[in-house]
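Asks: Just so it is clear, I am handing over final_35.cif, which has mmCIF, N, CA and C atoms.
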data_entry
loop_
_atom_site.label_atom_id
_atom_site.label_comp_id
_atom_site.auth_asym_id
_atom_site.auth_seq_id
_atom_site.Cartn_x
_atom_site.Cartn_y
_atom_site.Cartn_z
N MET A 13 135.61 117.25 122.99
CA MET A 13 134.95 116.30 123.85
C MET A 13 134.30 117.05 124.99
N ASP A 14 133.05 116.82 125.15
CA ASP A 14 132.22 117.64 126.02
C ASP A 14 132.01 117.00 127.38
N THR A 15 132.20 117.81 128.40
CA THR A 15 131.92 117.36 129.76
C THR A 15 130.80 118.21 130.35
N ILE A 16 130.17 117.68 131.35
CA ILE A 16 129.02 118.35 131.98
C ILE A 16 129.49 119.50 132.83
N ASP A 17 128.85 120.64 132.61
CA ASP A 17 129.10 121.85 133.38
C ASP A 17 127.84 122.17 134.18
N ALA A 18 127.98 122.90 135.25
CA ALA A 18 126.81 123.26 136.06
C ALA A 18 125.78 124.01 135.23
N THR A 19 126.23 124.76 134.22
CA THR A 19 125.29 125.52 133.39
C THR A 19 124.45 124.62 132.50
N ASN A 20 124.80 123.34 132.35
CA ASN A 20 124.00 122.41 131.56
C ASN A 20 122.79 121.89 132.32
N LEU A 21 122.81 121.99 133.62
CA LEU A 21 121.79 121.34 134.44
C LEU A 21 120.39 121.91 134.27
N ASN A 22 120.27 123.17 133.91
CA ASN A 22 118.95 123.78 133.78
C ASN A 22 118.30 123.54 132.42
N ARG A 23 119.02 122.90 131.47
CA ARG A 23 118.50 122.76 130.11
C ARG A 23 118.11 121.35 129.71
N GLN A 24 118.31 120.39 130.56
CA GLN A 24 118.00 119.01 130.18
C GLN A 24 117.74 118.18 131.43
N PHE A 25 117.35 116.93 131.23
CA PHE A 25 116.92 116.10 132.34
C PHE A 25 117.84 114.92 132.66
N LEU A 26 118.88 114.71 131.90
CA LEU A 26 119.74 113.54 132.11
C LEU A 26 120.83 113.75 133.16
N PHE A 27 121.26 114.99 133.36
CA PHE A 27 122.40 115.25 134.23
C PHE A 27 121.96 115.77 135.59
N ARG A 28 122.75 115.41 136.60
CA ARG A 28 122.52 115.86 137.98
C ARG A 28 123.76 116.60 138.46
N PRO A 29 123.65 117.36 139.54
CA PRO A 29 124.83 118.07 140.05
C PRO A 29 126.03 117.15 140.30
N SER A 30 125.78 115.92 140.68
CA SER A 30 126.89 114.99 140.92
C SER A 30 127.61 114.57 139.64
N ASP A 31 127.02 114.88 138.48
CA ASP A 31 127.63 114.52 137.19
C ASP A 31 128.56 115.60 136.64
N VAL A 32 128.61 116.77 137.26
CA VAL A 32 129.45 117.87 136.77
C VAL A 32 130.90 117.39 136.64
N GLY A 33 131.50 117.67 135.48
CA GLY A 33 132.87 117.27 135.20
C GLY A 33 132.98 115.94 134.48
N ARG A 34 131.91 115.17 134.43
CA ARG A 34 131.94 113.86 133.76
C ARG A 34 131.57 114.02 132.28
N SER A 35 131.85 112.99 131.50
CA SER A 35 131.57 112.98 130.07
C SER A 35 130.06 113.01 129.82
N LYS A 36 129.61 113.95 128.99
CA LYS A 36 128.20 114.01 128.63
C LYS A 36 127.75 112.72 127.95
N ALA A 37 128.57 112.21 127.05
CA ALA A 37 128.21 111.00 126.31
C ALA A 37 128.05 109.80 127.25
N LEU A 38 129.00 109.62 128.15
CA LEU A 38 128.94 108.46 129.04
C LEU A 38 127.77 108.54 130.01
N VAL A 39 127.55 109.71 130.60
CA VAL A 39 126.45 109.88 131.55
C VAL A 39 125.11 109.74 130.85
N ALA A 40 124.96 110.39 129.69
CA ALA A 40 123.69 110.31 128.96
C ALA A 40 123.37 108.87 128.57
N ALA A 41 124.36 108.14 128.09
CA ALA A 41 124.14 106.75 127.70
C ALA A 41 123.69 105.91 128.89
N ALA A 42 124.33 106.10 130.02
CA ALA A 42 123.96 105.35 131.23
C ALA A 42 122.54 105.68 131.68
N LYS A 43 122.18 106.97 131.66
CA LYS A 43 120.83 107.37 132.09
C LYS A 43 119.76 106.86 131.13
N ILE A 44 120.03 106.90 129.84
CA ILE A 44 119.06 106.41 128.86
C ILE A 44 118.88 104.90 129.03
N ALA A 45 119.97 104.17 129.16
CA ALA A 45 119.90 102.72 129.34
C ALA A 45 119.16 102.36 130.64
N GLU A 46 119.32 103.19 131.64
CA GLU A 46 118.64 102.98 132.92
C GLU A 46 117.12 103.16 132.79
N HIS A 47 116.69 104.09 131.96
CA HIS A 47 115.27 104.42 131.85
C HIS A 47 114.53 103.72 130.72
N VAL A 48 115.26 103.14 129.76
CA VAL A 48 114.63 102.46 128.63
C VAL A 48 115.11 101.02 128.60
N PRO A 49 114.36 100.12 129.20
CA PRO A 49 114.78 98.71 129.25
C PRO A 49 114.98 98.11 127.87
N GLY A 50 116.06 97.36 127.71
CA GLY A 50 116.32 96.65 126.48
C GLY A 50 117.02 97.44 125.40
N ILE A 51 117.24 98.74 125.61
CA ILE A 51 117.89 99.55 124.59
C ILE A 51 119.41 99.37 124.69
N LYS A 52 120.06 99.43 123.54
CA LYS A 52 121.52 99.38 123.51
C LYS A 52 122.03 100.77 123.17
N VAL A 53 122.76 101.37 124.08
CA VAL A 53 123.33 102.70 123.87
C VAL A 53 124.84 102.58 123.93
N THR A 54 125.51 103.03 122.88
CA THR A 54 126.97 102.99 122.84
C THR A 54 127.50 104.41 122.82
N PRO A 55 128.03 104.88 123.96
CA PRO A 55 128.54 106.25 123.99
C PRO A 55 129.89 106.37 123.29
N HIS A 56 130.14 107.52 122.70
CA HIS A 56 131.42 107.81 122.06
C HIS A 56 131.87 109.18 122.55
N HIS A 57 132.84 109.19 123.44
CA HIS A 57 133.39 110.43 123.98
C HIS A 57 134.58 110.81 123.10
N ALA A 58 134.26 111.50 121.98
CA ALA A 58 135.31 111.84 121.01
C ALA A 58 134.81 113.00 120.15
N MET A 59 135.72 113.61 119.45
CA MET A 59 135.37 114.66 118.49
C MET A 59 134.73 114.00 117.27
N ILE A 60 133.66 114.60 116.72
CA ILE A 60 132.98 114.00 115.57
C ILE A 60 133.90 113.90 114.36
N GLN A 61 134.85 114.82 114.25
CA GLN A 61 135.77 114.81 113.11
C GLN A 61 136.79 113.68 113.20
N GLU A 62 136.95 113.08 114.38
CA GLU A 62 137.91 111.99 114.55
C GLU A 62 137.38 110.65 114.05
N LYS A 63 136.09 110.56 113.84
CA LYS A 63 135.50 109.29 113.42
C LYS A 63 135.59 109.17 111.90
N PRO A 64 135.95 107.97 111.40
CA PRO A 64 136.03 107.77 109.95
C PRO A 64 134.63 107.69 109.33
N MET A 65 134.53 107.87 108.02
CA MET A 65 133.24 107.81 107.32
C MET A 65 132.51 106.50 107.57
N ASP A 66 133.25 105.38 107.64
CA ASP A 66 132.56 104.10 107.83
C ASP A 66 131.89 104.01 109.20
N PHE A 67 132.32 104.81 110.16
CA PHE A 67 131.63 104.88 111.45
C PHE A 67 130.20 105.37 111.25
N TYR A 68 130.03 106.41 110.45
CA TYR A 68 128.71 106.99 110.20
C TYR A 68 127.89 106.13 109.24
N ALA A 69 128.55 105.32 108.42
CA ALA A 69 127.85 104.50 107.43
C ALA A 69 126.92 103.50 108.08
N GLU A 70 127.21 103.07 109.30
CA GLU A 70 126.38 102.04 109.94
C GLU A 70 125.06 102.58 110.49
N PHE A 71 124.88 103.89 110.54
CA PHE A 71 123.66 104.46 111.10
C PHE A 71 122.57 104.62 110.05
N HIS A 72 121.33 104.41 110.47
CA HIS A 72 120.18 104.65 109.60
C HIS A 72 119.71 106.09 109.71
N VAL A 73 119.87 106.67 110.90
CA VAL A 73 119.47 108.05 111.18
C VAL A 73 120.58 108.68 112.02
N ILE A 74 120.88 109.94 111.77
CA ILE A 74 121.88 110.66 112.56
C ILE A 74 121.14 111.69 113.41
N VAL A 75 121.31 111.60 114.73
CA VAL A 75 120.66 112.53 115.65
C VAL A 75 121.72 113.49 116.17
N LEU A 76 121.47 114.79 115.96
CA LEU A 76 122.42 115.82 116.34
C LEU A 76 121.95 116.55 117.59
N GLY A 77 122.86 116.80 118.49
CA GLY A 77 122.64 117.65 119.65
C GLY A 77 123.87 118.52 119.80
N LEU A 78 124.22 119.21 118.75
CA LEU A 78 125.48 119.93 118.69
C LEU A 78 125.32 121.39 119.09
N ASP A 79 126.42 122.01 119.47
CA ASP A 79 126.34 123.38 119.96
C ASP A 79 127.04 124.41 119.07
N SER A 80 127.33 124.04 117.82
CA SER A 80 127.94 125.02 116.93
C SER A 80 127.50 124.79 115.50
N LEU A 81 127.47 125.87 114.72
CA LEU A 81 127.15 125.75 113.31
C LEU A 81 128.22 124.96 112.57
N GLU A 82 129.48 125.12 112.99
CA GLU A 82 130.57 124.40 112.32
C GLU A 82 130.37 122.89 112.44
N ALA A 83 129.99 122.42 113.62
CA ALA A 83 129.78 120.98 113.82
C ALA A 83 128.57 120.50 113.01
N ARG A 84 127.51 121.29 112.96
CA ARG A 84 126.34 120.93 112.15
C ARG A 84 126.70 120.88 110.67
N ARG A 85 127.50 121.83 110.22
CA ARG A 85 127.92 121.84 108.81
C ARG A 85 128.76 120.60 108.50
N TYR A 86 129.61 120.22 109.43
CA TYR A 86 130.43 119.03 109.22
C TYR A 86 129.53 117.79 109.09
N MET A 87 128.56 117.63 110.00
CA MET A 87 127.68 116.47 109.95
C MET A 87 126.80 116.50 108.71
N ASN A 88 126.42 117.68 108.25
CA ASN A 88 125.68 117.81 107.00
C ASN A 88 126.50 117.25 105.84
N SER A 89 127.79 117.59 105.81
CA SER A 89 128.66 117.09 104.73
C SER A 89 128.79 115.57 104.81
N ILE A 90 128.81 115.02 106.01
CA ILE A 90 128.88 113.56 106.17
C ILE A 90 127.61 112.93 105.60
N ALA A 91 126.44 113.41 106.06
CA ALA A 91 125.17 112.83 105.61
C ALA A 91 125.00 112.97 104.11
N CYS A 92 125.32 114.13 103.56
CA CYS A 92 125.18 114.35 102.12
C CYS A 92 126.21 113.55 101.33
N GLY A 93 127.34 113.23 101.95
CA GLY A 93 128.38 112.45 101.29
C GLY A 93 127.96 111.03 100.99
N PHE A 94 126.98 110.51 101.71
CA PHE A 94 126.49 109.15 101.46
C PHE A 94 125.45 109.10 100.34
N LEU A 95 124.87 110.24 100.01
CA LEU A 95 123.77 110.30 99.06
C LEU A 95 124.22 109.93 97.65
N GLU A 96 123.47 109.03 97.04
CA GLU A 96 123.68 108.66 95.65
C GLU A 96 122.37 108.84 94.90
N TYR A 97 122.47 109.02 93.59
CA TYR A 97 121.29 109.22 92.75
C TYR A 97 121.16 108.06 91.77
N ASP A 98 119.92 107.73 91.41
CA ASP A 98 119.69 106.67 90.43
C ASP A 98 119.84 107.23 89.01
N ASP A 99 119.59 106.39 88.02
CA ASP A 99 119.76 106.79 86.61
C ASP A 99 118.81 107.90 86.19
N ASN A 100 117.70 108.08 86.94
CA ASN A 100 116.73 109.14 86.62
C ASN A 100 117.02 110.43 87.37
N GLY A 101 118.12 110.48 88.11
CA GLY A 101 118.47 111.67 88.86
C GLY A 101 117.73 111.81 90.18
N GLU A 102 117.05 110.75 90.59
CA GLU A 102 116.32 110.75 91.86
C GLU A 102 117.23 110.20 92.96
N PRO A 103 117.06 110.68 94.21
CA PRO A 103 117.88 110.14 95.30
C PRO A 103 117.63 108.64 95.48
N ASP A 104 118.69 107.88 95.61
CA ASP A 104 118.59 106.46 95.93
C ASP A 104 118.28 106.38 97.43
N LEU A 105 117.05 106.05 97.77
CA LEU A 105 116.61 106.09 99.16
C LEU A 105 117.42 105.18 100.08
N SER A 106 118.06 104.16 99.54
CA SER A 106 118.88 103.28 100.38
C SER A 106 120.16 103.96 100.84
N THR A 107 120.50 105.11 100.24
CA THR A 107 121.72 105.83 100.62
C THR A 107 121.44 107.08 101.44
N VAL A 108 120.17 107.37 101.68
CA VAL A 108 119.78 108.58 102.42
C VAL A 108 119.98 108.37 103.91
N LYS A 109 120.65 109.31 104.57
CA LYS A 109 120.85 109.29 106.02
C LYS A 109 120.15 110.51 106.60
N PRO A 110 118.89 110.37 107.04
CA PRO A 110 118.20 111.51 107.63
C PRO A 110 118.91 111.99 108.90
N MET A 111 118.81 113.30 109.13
CA MET A 111 119.38 113.88 110.35
C MET A 111 118.27 114.56 111.13
N VAL A 112 118.24 114.27 112.43
CA VAL A 112 117.34 114.97 113.35
C VAL A 112 118.23 115.94 114.11
N ASP A 113 117.97 117.23 113.92
CA ASP A 113 118.82 118.26 114.50
C ASP A 113 118.03 119.01 115.56
N GLY A 114 118.61 119.16 116.73
CA GLY A 114 117.98 119.91 117.80
C GLY A 114 119.02 120.66 118.60
N GLY A 115 118.62 121.77 119.18
CA GLY A 115 119.55 122.53 119.99
C GLY A 115 118.86 123.66 120.72
N THR A 116 119.60 124.28 121.61
CA THR A 116 119.09 125.41 122.37
C THR A 116 120.10 126.54 122.34
N GLU A 117 119.58 127.73 122.50
CA GLU A 117 120.43 128.91 122.66
C GLU A 117 119.65 129.87 123.55
N GLY A 118 120.18 130.13 124.72
CA GLY A 118 119.46 130.95 125.67
C GLY A 118 118.16 130.26 126.05
N LEU A 119 117.05 130.94 125.88
CA LEU A 119 115.75 130.36 126.19
C LEU A 119 115.03 129.87 124.93
N LYS A 120 115.72 129.85 123.81
CA LYS A 120 115.13 129.41 122.55
C LYS A 120 115.64 128.01 122.22
N GLY A 121 114.87 127.31 121.41
CA GLY A 121 115.28 125.99 120.97
C GLY A 121 114.76 125.72 119.57
N HIS A 122 115.29 124.67 118.95
CA HIS A 122 114.82 124.28 117.64
C HIS A 122 114.94 122.77 117.48
N ALA A 123 114.11 122.22 116.63
CA ALA A 123 114.19 120.80 116.25
C ALA A 123 113.69 120.70 114.82
N ARG A 124 114.39 119.91 114.02
CA ARG A 124 113.98 119.72 112.63
C ARG A 124 114.59 118.45 112.08
N VAL A 125 114.01 117.98 110.99
CA VAL A 125 114.50 116.79 110.30
C VAL A 125 115.02 117.22 108.94
N LEU A 126 116.24 116.81 108.63
CA LEU A 126 116.87 117.09 107.35
C LEU A 126 117.05 115.76 106.61
N ILE A 127 116.55 115.68 105.40
CA ILE A 127 116.65 114.44 104.62
C ILE A 127 117.41 114.76 103.34
N PRO A 128 118.72 114.43 103.31
CA PRO A 128 119.53 114.76 102.13
C PRO A 128 118.91 114.27 100.83
N GLY A 129 118.88 115.17 99.84
CA GLY A 129 118.32 114.85 98.54
C GLY A 129 116.82 115.02 98.44
N ILE A 130 116.15 115.21 99.59
CA ILE A 130 114.69 115.34 99.60
C ILE A 130 114.26 116.69 100.17
N THR A 131 114.82 117.05 101.33
CA THR A 131 114.56 118.36 101.92
C THR A 131 115.82 119.21 101.78
N PRO A 132 115.70 120.52 101.95
CA PRO A 132 116.92 121.33 101.91
C PRO A 132 117.92 120.86 102.98
N CYS A 133 119.18 120.84 102.62
CA CYS A 133 120.21 120.41 103.57
C CYS A 133 120.55 121.56 104.53
N PHE A 134 121.42 121.30 105.46
CA PHE A 134 121.77 122.31 106.45
C PHE A 134 122.38 123.55 105.78
N GLU A 135 123.28 123.34 104.82
CA GLU A 135 123.92 124.47 104.13
C GLU A 135 122.87 125.35 103.44
N CYS A 136 121.82 124.73 102.93
CA CYS A 136 120.77 125.48 102.23
C CYS A 136 119.89 126.28 103.17
N THR A 137 119.98 126.01 104.46
CA THR A 137 119.11 126.68 105.43
C THR A 137 119.89 127.50 106.45
N LEU A 138 121.13 127.83 106.15
CA LEU A 138 121.93 128.62 107.09
C LEU A 138 121.31 129.98 107.39
N TRP A 139 120.51 130.49 106.48
CA TRP A 139 119.87 131.79 106.69
C TRP A 139 118.92 131.75 107.89
N LEU A 140 118.52 130.56 108.34
CA LEU A 140 117.65 130.45 109.51
C LEU A 140 118.36 130.80 110.80
N PHE A 141 119.69 130.75 110.78
CA PHE A 141 120.48 130.98 111.98
C PHE A 141 121.10 132.36 111.94
N PRO A 142 120.84 133.18 112.95
CA PRO A 142 121.47 134.51 112.98
C PRO A 142 122.98 134.35 113.20
N PRO A 143 123.75 135.39 112.88
CA PRO A 143 125.20 135.31 113.13
C PRO A 143 125.45 134.94 114.60
N GLN A 144 126.41 134.03 114.80
CA GLN A 144 126.69 133.59 116.16
C GLN A 144 127.41 134.67 116.94
N VAL A 145 126.95 134.87 118.16
CA VAL A 145 127.56 135.81 119.08
C VAL A 145 128.39 135.00 120.06
N LYS A 146 129.59 135.43 120.32
CA LYS A 146 130.51 134.65 121.15
C LYS A 146 130.47 135.07 122.61
N PHE A 147 129.30 134.95 123.24
CA PHE A 147 129.22 135.13 124.68
C PHE A 147 128.20 134.13 125.21
N PRO A 148 128.38 133.66 126.44
CA PRO A 148 127.52 132.59 126.97
C PRO A 148 126.09 133.09 127.24
N LEU A 149 125.13 132.42 126.60
CA LEU A 149 123.73 132.75 126.83
C LEU A 149 123.08 131.79 127.82
N CYS A 150 123.65 130.62 127.98
CA CYS A 150 123.01 129.58 128.77
C CYS A 150 123.66 129.39 130.13
N THR A 151 124.15 130.43 130.71
CA THR A 151 124.76 130.29 132.02
C THR A 151 123.75 130.60 133.10
N ILE A 152 123.99 130.06 134.25
CA ILE A 152 123.10 130.30 135.38
C ILE A 152 123.02 131.79 135.68
N ALA A 153 124.12 132.51 135.55
CA ALA A 153 124.15 133.94 135.84
C ALA A 153 123.27 134.74 134.89
N GLU A 154 123.05 134.24 133.66
CA GLU A 154 122.24 134.95 132.67
C GLU A 154 120.74 134.77 132.90
N LEU A 155 120.34 133.74 133.63
CA LEU A 155 118.93 133.45 133.83
C LEU A 155 118.49 133.88 135.22
N PRO A 156 117.27 134.38 135.35
CA PRO A 156 116.81 134.78 136.69
C PRO A 156 116.75 133.58 137.62
N ARG A 157 117.17 133.80 138.85
CA ARG A 157 117.14 132.72 139.83
C ARG A 157 115.84 132.72 140.62
N CYS A 158 115.24 133.89 140.76
CA CYS A 158 113.95 133.97 141.44
C CYS A 158 113.19 135.15 140.88
N VAL A 159 111.91 135.01 140.86
CA VAL A 159 111.06 136.07 140.34
C VAL A 159 110.44 136.79 141.53
N GLN A 160 110.55 138.13 141.56
CA GLN A 160 110.01 138.89 142.69
C GLN A 160 108.90 139.80 142.23
#
Step by step, read the file and then write its structure as structure tokens.

Replies:
Amino acid sequence: MDTIDATNLNRQFLFRPSDVGRSKALVAAAKIAEHVPGIKVTPHHAMIQEKPMDFYAEFHVIVLGLDSLEARRYMNSIACGFLEYDDNGEPDLSTVKPMVDGGTEGLKGHARVLIPGITPCFECTLWLFPPQVKFPLCTIAELPRCVQ
């Protein structure tokens, strides 16, 4: 379960210094609801693995903002787990759960759409991600504070 850290403030627009220590899900939901009239946002401050399959079944699209390959792989298995094929071996489009995946690492970012049964899944594209290095790239100390 993710809480807001000061190092998150330079990478996005939803959090403010007064939000440090609070739940990312709860704060993000409140800010989105504040800026988009009429939208219904339901935050879930929990581990993705704690949710049962039927929780994910209700979604038409899965939007990922995850910070690890392991979590992305898990969500890939969830989305692909719903996929069914018709008698001709074609994906049954009513069972497809597209995923919009986005993330940052250091000063780099990525965004892509994965459509199980139609586009390559996350497991099929792992070669796009270099081996993960276990040191913080997105900390305030790693980024220049002023240019001279």

Asks: Can you measure CA of Thr137 (chain A) to atom N of His72 (chain A) for me? One decimal in Å is fine.

Replies: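 Separation between CA of Thr137 (chain A) and atom N of His72 (chain A): 22.9 Å.
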
Asks: Got a sec: who's within 7 Å of Arg124 (chain A), counting only C-alpha atoms, leaving out chain neighbours fewer than 5 positions off, as a PyMOL selection string?

Replies: chain A and resi 112-114

Asks: As a PyMOL selection string, please: every residue in chain A that DSSP puts in strand (DSSP E).

Replies: chain A and resi 74-76+111-117+120-126

Asks: Which residues, written as a list in words, have at least one atom at most 7 Å from region 90-99 of chain A, with only N, CA and C atoms counted and residues fewer than 6 positions away on the same chain left out?

Replies: Leu105, Thr107, Val108, Lys109, Pro110, Pro128 and Gly129 of chain A

Asks: For the provided coordinates, the residues matched by the PyMOL selection byres (((chain A and resi 57-60 and name CA) around 8) and name CA) should be stated as a PDB file with N, CA and C atoms, in the coordinates of the input.

Replies:
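Final output, selection.pdb:
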ATOM      1  N   MET A  13     135.610 117.250 122.990  1.00  0.00           N
ATOM      2  CA  MET A  13     134.950 116.300 123.850  1.00  0.00           C
ATOM      3  C   MET A  13     134.300 117.050 124.990  1.00  0.00           C
ATOM      4  N   ASP A  14     133.050 116.820 125.150  1.00  0.00           N
ATOM      5  CA  ASP A  14     132.220 117.640 126.020  1.00  0.00           C
ATOM      6  C   ASP A  14     132.010 117.000 127.380  1.00  0.00           C
ATOM      7  N   SER A  35     131.850 112.990 131.500  1.00  0.00           N
ATOM      8  CA  SER A  35     131.570 112.980 130.070  1.00  0.00           C
ATOM      9  C   SER A  35     130.060 113.010 129.820  1.00  0.00           C
ATOM     10  N   LYS A  36     129.610 113.950 128.990  1.00  0.00           N
ATOM     11  CA  LYS A  36     128.200 114.010 128.630  1.00  0.00           C
ATOM     12  C   LYS A  36     127.750 112.720 127.950  1.00  0.00           C
ATOM     13  N   ALA A  37     128.570 112.210 127.050  1.00  0.00           N
ATOM     14  CA  ALA A  37     128.210 111.000 126.310  1.00  0.00           C
ATOM     15  C   ALA A  37     128.050 109.800 127.250  1.00  0.00           C
ATOM     16  N   LEU A  38     129.000 109.620 128.150  1.00  0.00           N
ATOM     17  CA  LEU A  38     128.940 108.460 129.040  1.00  0.00           C
ATOM     18  C   LEU A  38     127.770 108.540 130.010  1.00  0.00           C
ATOM     19  N   PRO A  55     128.030 104.880 123.960  1.00  0.00           N
ATOM     20  CA  PRO A  55     128.540 106.250 123.990  1.00  0.00           C
ATOM     21  C   PRO A  55     129.890 106.370 123.290  1.00  0.00           C
ATOM     22  N   HIS A  56     130.140 107.520 122.700  1.00  0.00           N
ATOM     23  CA  HIS A  56     131.420 107.810 122.060  1.00  0.00           C
ATOM     24  C   HIS A  56     131.870 109.180 122.550  1.00  0.00           C
ATOM     25  N   GLN A  61     134.850 114.820 114.250  1.00  0.00           N
ATOM     26  CA  GLN A  61     135.770 114.810 113.110  1.00  0.00           C
ATOM     27  C   GLN A  61     136.790 113.680 113.200  1.00  0.00           C
ATOM     28  N   GLU A  62     136.950 113.080 114.380  1.00  0.00           N
ATOM     29  CA  GLU A  62     137.910 111.990 114.550  1.00  0.00           C
ATOM     30  C   GLU A  62     137.380 110.650 114.050  1.00  0.00           C
ATOM     31  N   LYS A  63     136.090 110.560 113.840  1.00  0.00           N
ATOM     32  CA  LYS A  63     135.500 109.290 113.420  1.00  0.00           C
ATOM     33  C   LYS A  63     135.590 109.170 111.900  1.00  0.00           C
ATOM     34  N   ALA A  83     129.990 122.420 113.620  1.00  0.00           N
ATOM     35  CA  ALA A  83     129.780 120.980 113.820  1.00  0.00           C
ATOM     36  C   ALA A  83     128.570 120.500 113.010  1.00  0.00           C
TER      37      ALA A  83
END

Asks: Report as a ChimeraX atom specification all protein, DNA and RNA residues lying within 12 Å of Leu21 (chain A), evaluated on only C-alpha atoms, omitting residues in the same chain fewer than 4 positions from it.

Replies: /A:15-17,25-33,36,150-152

Asks: Is it possible to get the axis-aligned box enclosing region 37-42 of chain A (all listed atoms, 4 Å extra per side) as JSON, with centre and edge lengths in Å rounded to one decimal?

Replies:
{"center_x": 125.8, "center_y": 108.8, "center_z": 129.0, "size_x": 14.5, "size_y": 14.9, "size_z": 13.4}

Asks: As number ranges by chain, please: every residue in chain A that DSSP puts in helix (DSSP H, G or I).

Replies: A: 18-20, 29-31, 36-47, 60-62, 65-69, 81-93, 105-107, 135-140, 152-154

Asks: Between CA of Phe71 (chain A) and atom C of Trp139 (chain A), what is the spacing in Å?

Replies: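 One can read the atom C of Trp139 (chain A) to CA of Phe71 (chain A) distance as 27.9 Å.
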
Asks: If I take CA of Leu81 (chain A) and CA of Ala42 (chain A), how far is one from the other in Å, to one decimal?

Replies: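 Value for the CA of Leu81 (chain A)-CA of Ala42 (chain A) distance: 27.3 Å.
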
Asks: Write out as JSON, numbers by chain which residues come within 7 Å of Cys133 (chain A) when counting all atoms listed in the file, dropping same-chain ones fewer than 6 positions away.

Replies: {"A": [88, 126, 127]}
